[in-house]
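Asker: So here's data_12.cif, just mmCIF, C-alpha atoms and all ligand atoms:
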```cif
data_my_file
#
loop_
_atom_site.label_atom_id
_atom_site.label_comp_id
_atom_site.auth_asym_id
_atom_site.auth_seq_id
_atom_site.Cartn_x
_atom_site.Cartn_y
_atom_site.Cartn_z
CA MET A 12 -20.39 -42.45 -153.30
CA ARG A 13 -17.17 -42.24 -151.32
CA PHE A 14 -15.42 -45.61 -151.22
CA ASP A 15 -11.73 -45.03 -150.46
CA VAL A 16 -9.72 -48.21 -150.09
CA ALA A 17 -6.22 -48.47 -148.63
CA PHE A 18 -4.08 -51.53 -147.95
CA LEU A 19 -3.57 -52.10 -144.22
CA LYS A 20 -1.62 -55.33 -143.70
CA SER A 21 -1.29 -59.03 -144.51
CA CYS A 22 -1.86 -61.54 -141.72
CA SER A 23 -0.61 -65.11 -141.63
CA ALA A 24 -2.24 -65.86 -138.27
CA ILE A 25 -5.39 -64.84 -136.45
CA SER A 26 -3.22 -63.31 -133.71
CA ASP A 27 -1.93 -60.73 -136.25
CA LEU A 28 -5.42 -59.26 -136.75
CA PRO A 29 -6.21 -55.84 -135.29
CA LEU A 30 -8.11 -55.63 -131.99
CA ASP A 31 -10.84 -53.06 -132.51
CA ALA A 32 -14.54 -52.89 -133.33
CA ILE A 33 -14.36 -52.12 -137.06
CA PRO A 34 -16.74 -54.40 -139.00
CA GLU A 35 -15.16 -56.70 -141.56
CA ALA A 36 -16.44 -58.13 -144.84
CA ALA A 37 -14.54 -61.25 -145.92
CA ILE A 38 -14.10 -61.84 -149.66
CA LEU A 39 -14.37 -65.61 -150.11
CA GLY A 40 -14.45 -68.04 -153.01
CA ARG A 41 -12.58 -70.58 -155.08
CA SER A 42 -9.12 -69.91 -156.33
CA ASN A 43 -9.23 -67.76 -159.46
CA VAL A 44 -12.89 -66.75 -159.05
CA GLY A 45 -11.87 -63.08 -159.05
CA LYS A 46 -11.65 -62.06 -155.36
CA SER A 47 -8.60 -59.80 -155.68
CA SER A 48 -9.92 -58.35 -158.95
CA LEU A 49 -13.24 -57.51 -157.26
CA LEU A 50 -11.36 -55.77 -154.49
CA ASN A 51 -9.41 -53.70 -157.02
CA SER A 52 -12.62 -52.87 -158.86
CA LEU A 53 -14.27 -51.71 -155.61
CA ALA A 54 -11.18 -49.62 -154.89
CA GLY A 55 -11.00 -48.26 -158.46
CA GLU A 56 -7.30 -49.07 -158.37
CA LYS A 57 -5.85 -51.90 -160.44
CA GLY A 58 -2.72 -52.93 -158.54
CA LEU A 59 -3.99 -52.69 -154.97
CA ALA A 60 -4.68 -56.41 -154.42
CA LYS A 61 -2.44 -58.86 -156.29
CA THR A 62 -4.26 -60.73 -159.05
CA SER A 63 -2.95 -63.62 -161.07
CA ARG A 64 -3.77 -66.15 -163.75
CA THR A 65 -2.08 -68.70 -161.50
CA PRO A 66 -4.63 -69.98 -158.98
CA GLY A 67 -3.67 -69.92 -155.33
CA ARG A 68 -1.85 -66.62 -155.47
CA THR A 69 -3.37 -65.08 -152.34
CA ARG A 70 -2.15 -67.04 -149.30
CA LEU A 71 -2.64 -64.57 -146.48
CA LEU A 72 -5.51 -62.58 -145.08
CA ASN A 73 -5.00 -59.22 -146.77
CA LEU A 74 -6.69 -56.37 -144.93
CA PHE A 75 -7.94 -53.17 -146.56
CA ASP A 76 -9.40 -50.12 -144.89
CA VAL A 77 -12.53 -48.53 -146.37
CA ASN A 78 -13.37 -44.87 -145.67
CA SER A 79 -10.96 -44.48 -142.75
CA GLY A 80 -12.29 -47.07 -140.37
CA LYS A 81 -15.89 -47.45 -141.58
CA LEU A 82 -15.25 -51.00 -142.78
CA ARG A 83 -12.45 -53.47 -143.44
CA LEU A 84 -12.33 -55.74 -146.46
CA VAL A 85 -10.47 -59.00 -146.01
CA ASP A 86 -9.15 -60.60 -149.21
CA CYS A 87 -8.96 -64.31 -148.34
CA PRO A 88 -6.97 -67.13 -149.93
CA GLY A 89 -9.03 -69.13 -152.42
CA TYR A 90 -10.02 -72.77 -151.99
CA GLY A 91 -10.58 -75.70 -154.31
CA TYR A 92 -7.46 -75.50 -156.42
CA ALA A 93 -6.67 -79.12 -157.27
CA LYS A 94 -2.91 -78.68 -157.62
CA VAL A 95 -2.48 -77.26 -154.14
CA SER A 96 -0.77 -79.75 -151.84
CA ARG A 97 -2.50 -81.28 -148.84
CA VAL A 98 -0.27 -79.20 -146.56
CA GLU A 99 -1.38 -76.01 -148.34
CA ARG A 100 -5.01 -77.04 -148.03
CA GLU A 101 -4.58 -77.64 -144.34
CA LYS A 102 -2.95 -74.24 -143.98
CA TRP A 103 -5.98 -72.68 -145.69
CA GLY A 104 -8.31 -74.35 -143.20
CA ALA A 105 -6.10 -73.47 -140.24
CA LEU A 106 -6.26 -69.78 -141.16
CA ILE A 107 -9.77 -69.36 -142.57
CA GLU A 108 -11.80 -71.57 -140.28
CA PRO A 109 -10.92 -69.82 -137.02
CA TYR A 110 -11.21 -66.48 -138.80
CA LEU A 111 -14.78 -67.21 -139.93
CA ALA A 112 -15.83 -69.04 -136.78
CA GLU A 113 -14.31 -66.78 -134.12
CA ARG A 114 -13.63 -63.31 -135.47
CA PRO A 115 -15.96 -60.94 -133.59
CA ASN A 116 -15.52 -58.22 -136.24
CA LEU A 117 -16.84 -60.41 -139.06
CA ALA A 118 -20.08 -58.79 -140.24
CA LEU A 119 -20.49 -60.26 -143.71
CA ALA A 120 -19.10 -63.02 -145.91
CA VAL A 121 -19.06 -62.01 -149.57
CA LEU A 122 -19.13 -65.37 -151.36
CA LEU A 123 -17.90 -65.16 -154.94
CA ILE A 124 -19.18 -67.67 -157.48
CA ASP A 125 -18.00 -67.89 -161.09
CA SER A 126 -21.05 -67.08 -163.25
CA MET A 127 -19.63 -69.31 -166.02
CA LEU A 128 -19.65 -72.48 -163.93
CA ASP A 129 -22.31 -74.70 -162.45
CA PRO A 130 -22.50 -74.28 -158.67
CA GLN A 131 -19.67 -76.30 -157.18
CA PRO A 132 -19.99 -78.55 -154.10
CA LEU A 133 -17.28 -76.65 -152.21
CA ASP A 134 -19.15 -73.36 -152.72
CA LEU A 135 -22.43 -74.86 -151.59
CA ASP A 136 -20.68 -76.43 -148.58
CA LEU A 137 -19.19 -73.10 -147.55
CA HIS A 138 -22.54 -71.36 -148.02
CA ASP A 139 -24.19 -73.96 -145.76
CA TRP A 140 -21.39 -73.71 -143.23
CA LEU A 141 -21.78 -69.90 -143.07
CA ARG A 142 -25.50 -70.27 -142.56
CA GLY A 143 -24.90 -72.87 -139.84
CA HIS A 144 -22.60 -70.40 -138.09
CA GLN A 145 -25.14 -67.59 -138.53
CA ILE A 146 -22.75 -65.49 -140.58
CA PRO A 147 -24.66 -63.29 -143.06
CA SER A 148 -23.51 -63.94 -146.61
CA LEU A 149 -23.84 -62.09 -149.88
CA VAL A 150 -23.51 -64.21 -153.02
CA VAL A 151 -21.78 -62.43 -155.91
CA ALA A 152 -21.61 -63.91 -159.41
CA THR A 153 -18.26 -62.90 -160.93
CA LYS A 154 -16.98 -62.52 -164.51
CA CYS A 155 -20.48 -61.77 -165.80
CA ASP A 156 -18.89 -59.85 -168.73
CA ARG A 157 -18.10 -63.27 -170.20
CA LEU A 158 -21.78 -64.19 -170.56
CA SER A 159 -23.99 -62.94 -173.36
CA GLY A 160 -27.33 -61.16 -172.95
CA ASN A 161 -29.46 -64.24 -172.39
CA GLN A 162 -26.79 -66.49 -170.89
CA LEU A 163 -26.48 -64.21 -167.85
CA PRO A 164 -30.11 -64.38 -166.65
CA THR A 165 -30.02 -68.18 -167.11
CA ALA A 166 -26.84 -68.46 -165.04
CA LEU A 167 -28.27 -66.17 -162.34
CA ARG A 168 -31.46 -68.22 -162.15
CA ARG A 169 -29.46 -71.41 -161.71
CA LEU A 170 -27.37 -69.86 -158.94
CA THR A 171 -30.49 -68.48 -157.25
CA GLN A 172 -31.96 -71.97 -157.17
CA SER A 173 -28.78 -73.50 -155.74
CA PHE A 174 -28.06 -70.87 -153.09
CA GLY A 175 -31.61 -69.88 -152.22
CA ALA A 176 -30.71 -66.23 -152.78
CA GLN A 177 -30.43 -63.96 -155.79
CA PRO A 178 -26.72 -63.32 -156.49
CA LEU A 179 -25.38 -59.92 -157.41
CA ALA A 180 -24.00 -59.97 -160.97
CA PHE A 181 -20.50 -58.50 -161.01
CA SER A 182 -17.67 -57.86 -163.43
CA SER A 183 -14.26 -56.46 -162.59
CA VAL A 184 -13.76 -55.77 -166.31
CA THR A 185 -16.85 -53.62 -166.90
CA ASN A 186 -17.43 -52.77 -163.20
CA ALA A 187 -21.03 -54.00 -163.53
CA GLY A 188 -22.56 -54.38 -160.06
CA ARG A 189 -19.84 -52.27 -158.46
CA ASP A 190 -22.00 -49.42 -157.17
CA GLN A 191 -24.57 -51.82 -155.79
CA LEU A 192 -21.89 -53.83 -154.01
CA ARG A 193 -20.24 -50.70 -152.59
CA GLN A 194 -23.62 -49.61 -151.29
CA SER A 195 -24.44 -53.00 -149.74
CA LEU A 196 -21.07 -53.02 -148.00
CA LEU A 197 -21.38 -49.52 -146.56
CA VAL A 198 -24.99 -49.66 -145.43
CA LYS A 199 -24.52 -51.94 -142.44
CA PRO A 200 -23.33 -55.17 -144.10
CA GLN A 201 -26.26 -57.49 -144.72
CA GLY A 202 -26.49 -60.74 -146.63
CA ASN A 203 -28.89 -61.70 -149.40
CA GLY A 204 -29.68 -65.06 -147.86
CA VAL A 205 -31.72 -66.27 -144.93
CA VAL A 206 -29.39 -66.66 -142.00
N1 LIG B 301 -13.29 -61.59 -167.81
C1 LIG B 301 -13.07 -61.43 -166.50
N2 LIG B 301 -11.95 -61.93 -165.93
C2 LIG B 301 -11.77 -61.76 -164.60
C3 LIG B 301 -12.73 -61.05 -163.79
N3 LIG B 301 -12.29 -61.06 -162.50
C4 LIG B 301 -11.10 -61.72 -162.52
N4 LIG B 301 -10.77 -62.14 -163.76
C5 LIG B 301 -9.56 -62.89 -164.14
O1 LIG B 301 -9.51 -64.11 -163.41
C6 LIG B 301 -8.17 -64.40 -162.98
C7 LIG B 301 -8.11 -64.56 -161.46
O2 LIG B 301 -8.43 -63.33 -160.84
P1 LIG B 301 -8.00 -63.02 -159.32
O3 LIG B 301 -8.71 -61.74 -158.95
O4 LIG B 301 -6.53 -63.07 -159.13
O5 LIG B 301 -8.68 -64.26 -158.57
P2 LIG B 301 -8.61 -64.65 -157.00
O6 LIG B 301 -9.95 -65.18 -156.66
O7 LIG B 301 -8.11 -63.50 -156.20
O8 LIG B 301 -7.55 -65.85 -157.03
P3 LIG B 301 -6.69 -66.46 -155.79
O9 LIG B 301 -6.08 -65.30 -155.06
O10 LIG B 301 -5.71 -67.32 -156.47
O11 LIG B 301 -7.63 -67.23 -154.95
C8 LIG B 301 -7.30 -63.25 -163.50
O12 LIG B 301 -6.72 -63.66 -164.74
C9 LIG B 301 -8.29 -62.12 -163.72
O13 LIG B 301 -7.89 -61.20 -164.71
C10 LIG B 301 -13.90 -60.53 -164.44
O14 LIG B 301 -14.80 -59.92 -163.82
N5 LIG B 301 -14.01 -60.75 -165.78
MG MG B 302 -6.53 -63.36 -154.86
#
```
Kindly return the structure encoded in the file as structure tokens.
Answerer:
Amino acid sequence: MRFDVAFLKSCSAISDLPLDAIPEAAILGRSNVGKSSLLNSLAGEKGLAKTSRTPGRTRLLNLFDVNSGKLRLVDCPGYGYAKVSRVEREKWGALIEPYLAERPNLALAVLLIDSMLDPQPLDLDLHDWLRGHQIPSLVVATKCDRLSGNQLPTALRRLTQSFGAQPLAFSSVTNAGRDQLRQSLLVKPQGNGVV
């Protein structure tokens, strides 16, 4: 399957975003959940999106073209990092909220959840908020390489119960789930939840 990814630009304000009709899939989730790594895995290119052990690394909306205008992926800043100052948190909201609420191009929110952790209130809140705004969402369970054979189905069941939708198990290390995610993104973006 052709899935060619190229960096387009970083935006610090909604007014920097391109004005066109290309559908966008936003990559959302807590700081350190693996958003930039997932983007690199999708691209098959390690250094494309900046990854870091230090949470809160991505602070801008980073735009990536897929297949020359078929789709745009938007790597978003993470939320929920305790050490981030109040001002930083407010900046996150000031950028992300209008993006999610008002961006006409937004076709799908890809919500990343750490498969190692219990569902977190902030993730459930965002999932509810997306549903309330009728934004289709696709829940992706990241870092599934860290779970053993029977831990993974247990974790997926727990997430399914919490989010009311079966998450896609993904690993940027083994690339598990990559082809399925590429396919879901290219075939008219659709969520796995009830909108
Ligand atoms: N084992 C494992 N580690 C992962 C995986 N995905 C990401 N990581 C690690 O998790 C850390 C954070 O990854 P990032 O991709 O930078 O996370 P992010 O969500 O973009 O973080 P922010 O930009 O700070 O919000 C890095 O140390 C990655 O190497 C995965 O699938 N498996
Ligand atoms: Mg990042």
Asker: Taking (-24.0, -72.3, -151.9) in the file's own coordinates, collect the residues within 10 Å, counting all atoms listed in the file, and hand them back as a list in words.
Answerer: Leu122, Leu123, Ile124, Pro130, Gln131, Pro132, Leu133, Asp134, Leu135, Asp136, Leu137, His138, Asp139, Trp140, Leu141, Arg142, Ser148, Val150, Leu170, Thr171, Gln172, Ser173, Phe174, Gly175 and Ala176 of chain A
Asker: Counting only C-alpha atoms, what are the residues of range 158-202 of chain A within 8 Å of range 47-53 of chain A, and for each of them which pair of atoms is the nearest and at what distance in Å, to one decimal? Sort the table by chain and rising number, as JSON lines.
Answerer:
```
{"residue": "A:Ser182", "atom": "CA", "partner": "A:Leu49", "partner_atom": "CA", "distance": 7.6}
{"residue": "A:Ser183", "atom": "CA", "partner": "A:Ser52", "partner_atom": "CA", "distance": 5.4}
{"residue": "A:Asn186", "atom": "CA", "partner": "A:Ser52", "partner_atom": "CA", "distance": 6.5}
{"residue": "A:Arg189", "atom": "CA", "partner": "A:Leu53", "partner_atom": "CA", "distance": 6.3}
{"residue": "A:Arg193", "atom": "CA", "partner": "A:Leu53", "partner_atom": "CA", "distance": 6.8}
```
Asker: 12 Å from ligand MG 302 (chain B) is the threshold here; counting only C-alpha atoms and all ligand atoms, which polymer residues fall inside it? Answer as a ChimeraX atom specification.
Answerer: /A:38-51,58-73,85-90,123
Asker: Would you mind telling me which residue in A:Arg114, A:Lys57, A:Lys81, A:Arg169 lies nearest to ligand LIG 301 (chain B) when using only C-alpha atoms and all ligand atoms?
Answerer: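 Ranking A:Arg114, A:Lys57, A:Lys81, A:Arg169 by distance to ligand LIG 301 (chain B), first place goes to A:Lys57.
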Asker: Kindly indicate which residue among A:Ala166, A:Leu106, A:Val121, A:Leu196 lies nearest to Val151 in chain A, using only C-alpha atoms for the distances.
Answerer: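 The closest residue to Val151 in chain A is A:Val121.
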Asker: Enclose all atoms of ligand LIG 301 (chain B) listed in the file in an axis-aligned box, grow every side by 3 Å, and hand back centre and edge lengths in Å to one decimal, as lines of an AutoDock Vina configuration file.
Answerer:
```
center_x = -10.3
center_y = -63.6
center_z = -161.4
size_x = 15.1
size_y = 13.4
size_z = 18.9
```
Asker: Between A:Asp129, A:Leu149, A:Tyr92, A:Leu117, which one has atoms that come closest to ligand LIG 301 (chain B), using all atoms listed in the file?
Answerer: A:Tyr92
Asker: Quote the spacing between CA of Glu56 in chain A and CA of Lys154 in chain A in Å to one decimal place.
Answerer: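 We find that CA of Glu56 in chain A and CA of Lys154 in chain A lie 17.7 Å from each other.
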Asker: So which one's closest to ligand LIG 301 (chain B), A:Pro164, A:Pro109, A:Gly91, A:Gly55? Using only C-alpha atoms and all ligand atoms, please.
Answerer: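 Ranked by minimum distance to ligand LIG 301 (chain B), first place goes to A:Gly91.
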Asker: For Leu167 in chain A, which residue among A:Leu128, A:Val98, A:Ala24, A:Val184 is the nearest when counting all atoms listed in the file?
Answerer: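 So, comparing all the options, the nearest one is A:Leu128.
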Asker: Using only C-alpha atoms, can you tell me which of A:Asp15, A:Met127, A:His144, A:Asp27 comes closest to Gly80 in chain A?
Answerer: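 Closest to Gly80 in chain A, using only C-alpha atoms: A:Asp15.
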